[in-house]
>>> print(open('my_file.cif').read())   # mmCIF, C-alpha atoms
data_input
#
loop_
_atom_site.label_atom_id
_atom_site.label_comp_id
_atom_site.auth_asym_id
_atom_site.auth_seq_id
_atom_site.Cartn_x
_atom_site.Cartn_y
_atom_site.Cartn_z
CA MET A 817 0.00 0.00 0.00
CA PHE A 818 1.20 3.45 -0.74
CA GLU A 819 1.96 5.94 1.88
CA THR A 820 0.56 9.33 1.16
CA THR A 821 3.18 11.78 0.05
CA ASP A 822 1.84 15.11 -1.03
CA VAL A 823 4.23 16.00 -3.75
CA GLU A 824 2.80 17.94 -6.64
CA LEU A 825 4.98 18.02 -9.69
CA THR A 826 3.79 20.96 -11.71
CA GLY A 827 5.64 23.66 -13.53
CA SER A 828 9.27 24.04 -14.35
CA GLU A 829 10.31 24.50 -10.72
CA SER A 830 9.66 20.87 -10.03
CA ALA A 831 11.75 19.66 -12.95
CA ARG A 832 14.76 19.17 -10.71
CA GLU A 833 12.66 17.50 -8.09
CA GLU A 834 11.35 15.13 -10.73
CA ARG A 835 14.87 14.37 -11.91
CA ASP A 836 15.83 13.56 -8.35
CA LEU A 837 12.83 11.29 -7.96
CA VAL A 838 13.68 9.52 -11.20
CA PHE A 839 17.26 9.13 -10.05
CA ARG A 840 16.15 7.75 -6.69
CA ALA A 841 13.74 5.38 -8.42
CA GLN A 842 16.56 4.22 -10.67
CA GLN A 843 18.55 3.44 -7.55
CA GLY A 844 15.68 1.21 -6.41
CA ASP A 845 13.65 3.62 -4.28
CA ARG A 846 10.09 2.37 -4.73
CA GLU A 847 8.56 5.24 -2.82
CA ALA A 848 10.10 7.73 -5.24
CA PHE A 849 8.53 5.92 -8.17
CA THR A 850 5.21 5.87 -6.34
CA VAL A 851 5.26 9.66 -6.14
CA LEU A 852 5.96 9.86 -9.86
CA ALA A 853 3.22 7.33 -10.60
CA ARG A 854 0.71 9.33 -8.62
CA THR A 855 1.67 12.49 -10.48
CA TYR A 856 1.04 11.02 -13.91
CA ARG A 857 -1.71 8.54 -13.10
CA ASP A 858 -4.68 10.73 -14.01
CA SER A 859 -3.16 12.08 -17.21
CA LEU A 860 -2.37 8.57 -18.36
CA VAL A 861 -5.86 7.35 -17.55
CA HIS A 862 -7.38 10.29 -19.47
CA LEU A 863 -5.20 9.63 -22.46
CA ALA A 864 -5.90 5.91 -22.47
CA TYR A 865 -9.61 6.55 -22.08
CA GLY A 866 -9.49 8.95 -25.02
CA PHE A 867 -8.10 6.15 -27.16
CA LEU A 868 -10.04 3.21 -25.83
CA HIS A 869 -13.30 4.73 -24.52
CA ASP A 870 -13.39 2.08 -21.87
CA ARG A 871 -12.88 2.94 -18.26
CA GLU A 872 -11.53 -0.40 -17.11
CA GLU A 873 -9.27 -0.79 -20.12
CA ALA A 874 -7.96 2.73 -19.58
CA LEU A 875 -7.13 1.95 -15.96
CA ASP A 876 -5.43 -1.26 -17.04
CA VAL A 877 -3.38 0.50 -19.67
CA ALA A 878 -2.34 3.29 -17.31
CA GLN A 879 -1.20 0.68 -14.85
CA ASP A 880 0.67 -1.26 -17.53
CA VAL A 881 2.39 1.94 -18.61
CA LEU A 882 3.62 2.63 -15.10
CA LEU A 883 4.74 -0.94 -14.51
CA LYS A 884 6.53 -1.05 -17.83
CA ALA A 885 8.21 2.23 -17.01
CA TYR A 886 9.24 0.85 -13.61
CA ARG A 887 10.71 -2.21 -15.24
CA LYS A 888 12.56 -0.24 -17.89
CA LEU A 889 13.55 2.65 -15.69
CA GLY A 890 17.20 1.82 -16.11
CA SER A 891 17.04 2.58 -19.81
CA PHE A 892 15.43 5.96 -19.24
CA LYS A 893 17.81 8.81 -19.80
CA ASN A 894 17.14 12.19 -18.34
CA GLU A 895 17.68 13.74 -21.74
CA SER A 896 13.93 13.68 -22.36
CA SER A 897 11.30 14.39 -19.77
CA LEU A 898 9.62 11.54 -17.97
CA TYR A 899 6.10 12.30 -19.12
CA THR A 900 7.22 12.36 -22.76
CA TRP A 901 8.57 8.88 -22.22
CA LEU A 902 5.47 7.73 -20.32
CA TYR A 903 3.13 9.10 -22.98
CA ARG A 904 5.09 7.37 -25.69
CA ILE A 905 4.72 4.08 -23.86
CA ALA A 906 1.02 4.84 -23.29
CA ILE A 907 0.37 5.47 -26.97
CA ASN A 908 2.09 2.25 -27.97
CA LEU A 909 0.18 0.25 -25.38
CA CYS A 910 -3.11 1.86 -26.42
CA LYS A 911 -2.42 0.93 -30.03
CA ASP A 912 -1.70 -2.67 -29.02
CA ARG A 913 -4.80 -2.80 -26.88
CA LEU A 914 -6.98 -1.37 -29.66
CA ARG A 915 -5.60 -3.91 -32.10
CA ARG A 916 -6.36 -6.70 -29.68
CA MET A 917 -9.84 -5.35 -29.02
CA ARG A 918 -10.57 -5.19 -32.74
CA ARG A 919 -9.22 -8.70 -33.29
CA LYS A 920 -11.26 -10.16 -30.49
CA PRO A 921 -14.33 -8.01 -30.19
CA THR A 922 -16.14 -8.57 -26.95
CA VAL A 923 -19.74 -7.70 -26.36
CA ARG A 924 -20.16 -5.83 -23.15
CA LEU A 925 -23.28 -6.06 -21.10
CA ASP A 926 -23.56 -2.31 -21.40
CA ASP A 927 -23.83 -2.57 -25.16
CA LEU A 928 -26.64 -5.08 -24.90
CA GLY A 929 -28.51 -2.74 -22.65
CA ILE A 930 -28.60 -5.34 -19.90
CA GLU A 931 -26.71 -3.18 -17.54
CA GLY A 932 -26.79 0.56 -17.83
CA GLN A 933 -23.49 2.22 -18.62
CA VAL A 934 -22.20 4.52 -15.96
CA TYR A 935 -21.84 7.97 -17.41
CA GLU A 936 -20.34 10.81 -15.59
CA ILE A 937 -23.05 13.36 -15.24
CA PRO A 938 -21.86 16.92 -14.89
CA ASP A 939 -24.77 17.86 -12.72
CA PRO A 940 -25.65 15.24 -10.11
CA GLY A 941 -29.17 16.57 -9.97
CA ALA A 942 -29.74 16.03 -13.69
CA GLY A 943 -32.86 14.19 -14.71
CA PRO A 944 -33.08 11.06 -16.87
CA GLY A 945 -33.64 13.11 -20.02
CA GLU A 946 -30.49 15.10 -19.48
CA CYS A 947 -28.57 11.95 -18.68
CA LEU A 948 -29.68 10.38 -21.94
CA GLU A 949 -28.81 13.52 -23.82
CA PHE A 950 -25.36 13.58 -22.22
CA ALA A 951 -24.84 9.92 -23.07
CA GLU A 952 -25.85 10.48 -26.67
CA ARG A 953 -23.52 13.45 -26.96
CA GLU A 954 -20.71 11.39 -25.51
CA ARG A 955 -21.38 8.61 -27.99
CA GLN A 956 -21.23 11.06 -30.88
CA VAL A 957 -18.00 12.66 -29.68
CA LYS A 958 -16.33 9.27 -29.20
CA ALA A 959 -17.47 8.14 -32.63
CA ALA A 960 -16.14 11.34 -34.18
CA ILE A 961 -12.77 10.90 -32.45
CA ASP A 962 -12.58 7.28 -33.54
CA SER A 963 -13.28 8.25 -37.12
CA LEU A 964 -10.15 10.42 -37.24
CA PRO A 965 -7.02 9.05 -38.89
CA ASP A 966 -4.71 7.56 -36.32
CA LYS A 967 -1.99 10.20 -36.57
CA HIS A 968 -4.51 13.04 -36.19
CA LYS A 969 -6.19 11.33 -33.29
CA LYS A 970 -2.90 10.95 -31.40
CA VAL A 971 -2.02 14.60 -31.77
CA LEU A 972 -5.48 15.75 -30.76
CA LEU A 973 -5.64 13.56 -27.66
CA LEU A 974 -2.13 14.48 -26.56
CA ARG A 975 -3.06 18.14 -26.86
CA GLU A 976 -6.53 18.05 -25.35
CA LEU A 977 -6.11 15.35 -22.72
CA GLY A 978 -2.39 15.40 -22.11
CA GLU A 979 -2.38 19.21 -22.28
CA MET A 980 0.98 19.13 -23.97
CA SER A 981 2.59 21.86 -26.00
CA TYR A 982 3.39 21.37 -29.69
CA LYS A 983 7.02 20.87 -28.79
CA GLU A 984 6.21 18.16 -26.27
CA ILE A 985 3.84 16.40 -28.66
CA ALA A 986 6.56 16.51 -31.30
CA ALA A 987 8.94 14.89 -28.82
CA VAL A 988 6.45 12.13 -27.98
CA LEU A 989 5.59 11.36 -31.58
CA LYS A 990 9.11 12.01 -32.84
CA CYS A 991 8.02 14.42 -35.55
CA ARG A 992 8.38 18.12 -36.27
CA GLU A 993 6.42 20.85 -34.54
CA GLY A 994 5.06 22.00 -37.88
CA THR A 995 3.65 18.53 -38.45
CA VAL A 996 1.99 18.61 -35.03
CA MET A 997 0.47 22.00 -35.74
CA SER A 998 -0.86 20.90 -39.11
CA ARG A 999 -2.26 17.60 -37.85
CA LEU A 1000 -3.91 19.25 -34.89
CA PHE A 1001 -5.53 21.83 -37.08
CA HIS A 1002 -6.85 19.22 -39.50
CA ALA A 1003 -8.08 17.05 -36.64
CA ARG A 1004 -10.02 19.97 -35.22
CA LYS A 1005 -11.40 20.87 -38.58
CA MET A 1006 -12.59 17.31 -39.21
CA LEU A 1007 -14.15 17.11 -35.78
CA ALA A 1008 -15.81 20.49 -36.18
CA GLU A 1009 -17.44 19.23 -39.38
CA ARG A 1010 -18.53 15.94 -37.85
CA LEU A 1011 -19.81 17.47 -34.64
CA ASN A 1012 -21.36 20.46 -36.30
CA SER A 1013 -24.84 19.66 -35.05
CA LEU A 1014 -23.64 19.36 -31.47
CA ILE A 1015 -21.71 22.61 -31.73
CA GLU A 1016 -24.66 24.44 -33.24
CA ASP A 1017 -26.92 23.10 -30.47
CA GLY A 1018 -24.46 24.30 -27.88
CA GLU A 1019 -24.48 27.78 -29.32
CA MET B 567 -7.75 26.98 -54.58
CA LYS B 568 -5.45 29.80 -53.71
CA ASN B 569 -8.16 31.45 -51.61
CA ARG B 570 -8.82 28.22 -49.78
CA LYS B 571 -5.13 27.89 -49.03
CA SER B 572 -4.88 31.37 -47.55
CA SER B 573 -8.02 30.72 -45.53
CA ASP B 574 -6.43 27.51 -44.21
CA ILE B 575 -3.39 29.43 -43.08
CA ASN B 576 -5.56 31.78 -41.09
CA GLU B 577 -7.42 28.88 -39.57
CA LEU B 578 -4.11 27.25 -38.75
CA GLU B 579 -3.12 30.37 -36.90
CA LEU B 580 -6.42 30.24 -35.06
CA SER B 581 -5.58 26.75 -33.91
CA ARG B 582 -2.22 27.96 -32.64
CA TYR B 583 -3.96 30.95 -31.05
CA LEU B 584 -6.27 28.62 -29.19
CA ASP B 585 -3.34 26.55 -27.93
CA GLY B 586 -1.32 29.56 -26.82
CA GLU B 587 1.43 28.74 -29.29
CA LEU B 588 1.73 32.22 -30.76
CA SER B 589 4.28 34.82 -29.77
CA PRO B 590 2.82 37.80 -27.84
CA GLN B 591 3.09 39.96 -30.95
CA GLU B 592 1.37 37.39 -33.17
CA PHE B 593 -1.24 36.87 -30.49
CA GLU B 594 -2.13 40.56 -30.40
CA GLN B 595 -2.29 40.78 -34.17
CA LEU B 596 -4.54 37.77 -34.43
CA ALA B 597 -6.75 38.89 -31.56
CA ALA B 598 -7.31 42.17 -33.41
CA LYS B 599 -8.04 40.27 -36.61
CA VAL B 600 -10.49 37.95 -34.89
CA SER B 601 -12.39 40.80 -33.26
CA CYS B 602 -12.87 42.43 -36.69
CA SER B 603 -13.79 39.30 -38.62
CA GLY B 604 -17.02 37.45 -37.90
CA GLU B 605 -15.83 34.47 -39.93
CA HIS B 606 -12.63 34.09 -37.89
CA GLU B 607 -14.62 34.46 -34.70
CA ARG B 608 -16.99 31.70 -35.78
CA ILE B 609 -14.14 29.36 -36.65
CA LEU B 610 -12.45 30.07 -33.36
CA LYS B 611 -15.67 29.31 -31.50
CA HIS B 612 -15.98 26.03 -33.37
CA PHE B 613 -12.44 25.05 -32.47
CA GLN B 614 -13.07 25.97 -28.86
CA ALA B 615 -16.25 23.94 -28.87
CA VAL B 616 -14.44 20.94 -30.34
CA SER B 617 -11.78 21.29 -27.71
CA SER B 618 -14.24 21.45 -24.87
CA LEU B 619 -16.33 18.53 -26.23
CA VAL B 620 -13.23 16.33 -26.46
CA ARG B 621 -12.13 17.29 -22.98
CA GLN B 622 -15.59 16.87 -21.52
CA HIS B 623 -16.33 13.47 -23.02
CA SER B 624 -12.92 11.85 -23.04
CA ARG B 625 -11.99 12.38 -19.45
CA VAL B 626 -12.59 10.06 -16.60
CA GLU B 627 -12.46 11.19 -13.04
CA LEU B 628 -11.36 8.35 -10.85
CA THR B 629 -13.40 7.73 -7.76
CA PRO B 630 -11.48 7.40 -4.47
CA GLY B 631 -12.19 3.66 -4.57
CA GLU B 632 -10.74 3.36 -8.06
CA GLN B 633 -7.72 5.38 -7.05
CA GLN B 634 -7.12 3.11 -4.10
CA ARG B 635 -7.58 -0.02 -6.19
CA PHE B 636 -5.26 1.37 -8.83
CA GLU B 637 -2.55 2.11 -6.32
CA MET B 638 -2.89 -1.24 -4.61
CA ARG B 639 -2.61 -3.09 -7.89
CA LEU B 640 0.32 -0.97 -8.93
CA ALA B 641 2.09 -1.56 -5.64
CA ARG B 642 1.51 -5.30 -6.01
CA GLY B 643 2.84 -5.18 -9.55
CA MET B 644 5.89 -3.25 -8.44
CA ARG B 645 6.66 -5.81 -5.76
CA GLU B 646 6.51 -8.61 -8.32
CA ILE B 647 8.93 -7.10 -10.78
CA THR B 648 12.53 -6.17 -10.48
CA PRO B 649 12.94 -2.48 -11.03
CA GLY B 650 15.01 -1.40 -13.95
CA ARG B 651 18.37 -0.66 -12.47
CA LEU B 652 20.82 1.48 -14.29
CA PRO B 653 23.05 -0.32 -16.79
CA TRP B 654 26.57 -1.24 -15.63
CA ARG B 655 28.03 1.51 -17.81
CA HIS B 656 26.28 4.01 -15.61
CA TYR B 657 28.25 2.94 -12.58
CA LEU B 658 31.52 3.63 -14.36
CA THR B 659 30.52 7.19 -15.02
CA PHE B 660 28.49 7.42 -11.84
CA PRO B 661 30.62 10.00 -10.02
CA VAL B 662 30.32 12.36 -12.96
CA THR B 663 26.66 11.76 -13.75
CA ALA B 664 25.62 11.85 -10.12
CA TRP B 665 27.51 15.07 -9.57
CA GLY B 666 25.37 16.78 -12.18
CA ARG B 667 22.20 15.78 -10.37
CA TRP B 668 23.25 16.84 -6.92
CA PRO B 669 22.01 20.09 -5.47
CA TRP B 670 24.63 22.77 -4.99
CA SER B 671 24.69 22.38 -1.19
CA TRP B 672 25.56 18.68 -1.58
CA ARG B 673 28.21 19.50 -4.11
CA MET B 674 29.84 21.98 -1.74
CA VAL B 675 29.89 19.45 1.10
CA ALA B 676 31.24 16.74 -1.19
CA ALA B 677 33.96 19.04 -2.52
CA MET B 678 35.02 19.96 1.01
CA ALA B 679 35.07 16.33 2.09
CA LEU B 680 37.12 15.39 -0.95
CA THR B 681 39.61 18.17 -0.30
CA LEU B 682 39.98 17.13 3.32
CA ALA B 683 40.46 13.53 2.30
CA CYS B 684 43.27 14.57 -0.02
CA PHE B 685 45.10 16.46 2.74
CA ILE B 686 44.67 13.93 5.52
CA PRO B 687 47.96 12.10 4.71
CA PHE B 688 49.88 15.31 5.29
CA PHE B 689 48.43 15.77 8.74
CA THR B 690 48.96 12.28 10.00
CA GLU B 691 52.12 10.35 10.82
CA THR B 692 53.20 8.37 7.83
CA ARG B 693 54.96 5.20 8.64
CA PRO B 694 55.29 1.99 6.64
CA ARG B 695 52.83 -0.52 8.00
CA ASN B 696 55.27 -3.39 8.34
CA GLU B 697 57.74 -1.44 10.42
CA LYS B 698 57.65 -2.56 14.03
CA VAL B 699 57.29 0.11 16.58
CA PHE B 700 59.96 -0.08 19.16
CA HIS B 701 58.48 0.05 22.58
CA GLY B 702 61.73 0.03 24.33
CA PRO B 703 62.21 0.07 28.03
CA LEU B 704 62.98 3.30 29.70
CA ILE B 705 66.61 4.02 30.37
CA SER B 706 65.84 4.42 34.02
CA ASP B 707 64.57 0.83 34.15
CA TYR B 708 67.99 -0.55 33.66
CA THR B 709 71.25 -0.48 35.31
CA THR B 710 72.92 0.49 32.21
CA LYS B 711 75.90 1.90 30.67
CA ILE B 712 74.97 4.88 28.71
CA TYR B 713 77.25 6.11 26.06
CA HIS B 714 76.55 9.59 25.19
CA GLU B 715 77.79 11.35 22.19
CA SER B 716 76.89 14.77 21.15
CA ASN B 717 76.63 15.82 17.59
CA SER B 718 76.62 19.53 17.49
CA LYS B 719 76.28 19.73 13.73
CA ALA B 720 73.26 17.51 13.52
CA HIS B 721 71.76 19.03 16.64
CA TYR B 722 71.09 15.79 18.38
CA ASP B 723 72.60 13.59 20.97
CA ILE B 724 73.17 9.95 20.36
CA ILE B 725 72.83 7.72 23.32
CA TRP B 726 73.73 4.09 23.26
CA VAL B 727 71.93 2.17 25.89
CA ILE B 728 73.26 -1.23 26.70
CA THR B 729 71.73 -3.27 29.40
CA GLU B 730 73.82 -5.40 31.67
CA GLU B 731 72.37 -8.51 30.26
CA GLU B 732 73.11 -7.47 26.73
CA GLU B 733 76.58 -6.58 27.68
CA GLU B 734 77.12 -10.04 29.12
CA ASN B 735 75.84 -11.67 25.97
CA ASP B 736 77.92 -9.31 23.96
CA SER B 737 75.12 -8.87 21.50
CA SER B 738 74.40 -5.84 19.56
CA ASN B 739 72.40 -3.14 21.13
CA PRO B 740 68.75 -4.26 21.07
CA LEU B 741 67.47 -0.92 21.98
CA GLY B 742 68.89 0.60 18.90
CA LEU B 743 69.88 4.14 18.63
CA LEU B 744 67.85 6.54 20.52
CA TYR B 745 67.85 10.05 19.34
CA PHE B 746 67.08 12.73 21.76
CA TYR B 747 66.75 16.06 20.18
CA ARG B 748 68.06 18.98 22.02
CA VAL B 749 65.47 21.35 23.24
#
>>> encode(input="my_file.cif", output="structure tokens")
Amino acid sequence: MFETTDVELTGSESAREERDLVFRAQQGDREAFTVLARTYRDSLVHLAYGFLHDREEALDVAQDVLLKAYRKLGSFKNESSLYTWLYRIAINLCKDRLRRMRRKPTVRLDDLGIEGQVYEIPDPGAGPGECLEFAERERQVKAAIDSLPDKHKKVLLLRELGEMSYKEIAAVLKCREGTVMSRLFHARKMLAERLNSLIEDGE
Amino acid sequence: MKNRKSSDINELELSRYLDGELSPQEFEQLAAKVSCSGEHERILKHFQAVSSLVRQHSRVELTPGEQQRFEMRLARGMREITPGRLPWRHYLTFPVTAWGRWPWSWRMVAAMALTLACFIPFFTETRPRNEKVFHGPLISDYTTKIYHESNSKAHYDIIWVITEEEEENDSSNPLGLLYFYRV
């Protein structure tokens, strides 16, 4: 079980602290890696969920990413930042998982309507109509994201869910910043066309 | 086609504008352009809407239970695997690589310790390890013949101490030469 350590790693000030934690983890300090894992857990889950649209799968992938990183920590060089490395692993694992899911499609109880899917409702006091509307909107957004070409989808999710800069995305995907900018723009444009009705309703 | 291309470039800038990837000067210019152009404003709103829809519907907030389960499973997984230690090459260059990671206060302390360690031999008595230390008896312990010779040039006195027993055996002086420096 983890012990609670309130270490927030945000901003450039904590870069050195993160390097120290990585170094300690490389020396075998499990607690140091735990702090790092807690820092990136949510971002990894968001990213994985963006790719897979499945809560449990996303949690599994995020966990696999962290365990893989722990196992391979020795090969990590401090030349790149840790989250760039983690996100790269996450994207590769998501791709593998998607491939596996497509090869062996499983029918979930949720899809059969036997058990209602748990949607996160923005307003807890929302009525059934609003819940259904929210679920429908979510379905449309996910479908629109899935319909994007793979390279556009990656850039979009890294930007929107990973909240990374163009430079960071370029480092994760090993491409140029200009490519990131162009792909992101086209991804947004495609989504704007596909989700036009939702956007118009929102206005 | 040409018009479409130039429109794309503007839209591309809008995407960068939305992501905060423009320089302050470019940002101001584009902000002015957007406020004057209804078309640009509409496109920007669409991009913002896309952004917020993706963020809203592709995020999962973990419940405390899920967080706990996640951490427990991760901790279990970490116990089962051997962490990736640094490759052996790292340990060859370790002093150099580690130095770069240390905070300045640590570096100062390490530098001082290293300097002290270098000077320690000069402050301590240096004697070959295999040399036996002569713990000779005091002159006063013996009924001895003491031969005293003064060396004024070398500033020391040489005293031969020969015990009675040694004298009887006619052996060489076991006490060796004792040097007593003049005060």
>>> atom_distance(input="my_file.cif", atom1="atom CA of Ala987 of chain A", atom2="atom CA of Lys970 of chain A")
12.7 Å
>>> interface_residues(input="my_file.cif", of="chain B", to="chain A", cutoff="8 Å", atoms="only C-alpha atoms", output="ChimeraX atom specification")
/B:577-578,581-582,585,587,612-613,615-617,619-621,623-628,636-638,640-641,643-644,647-653,667
>>> atom_distance(input="my_file.cif", atom1="atom CA of Leu588 of chain B", atom2="atom CA of Arg904 of chain A")
25.6 Å
>>> atom_distance(input="my_file.cif", atom1="atom CA of Arg639 of chain B", atom2="atom CA of Glu873 of chain A")
14.1 Å
>>> closest_residue(input="my_file.cif", among="A:Leu852, A:Ala831, A:Leu948, A:Leu914", to="Asp962 of chain A", atoms="only C-alpha atoms")
A:Leu914
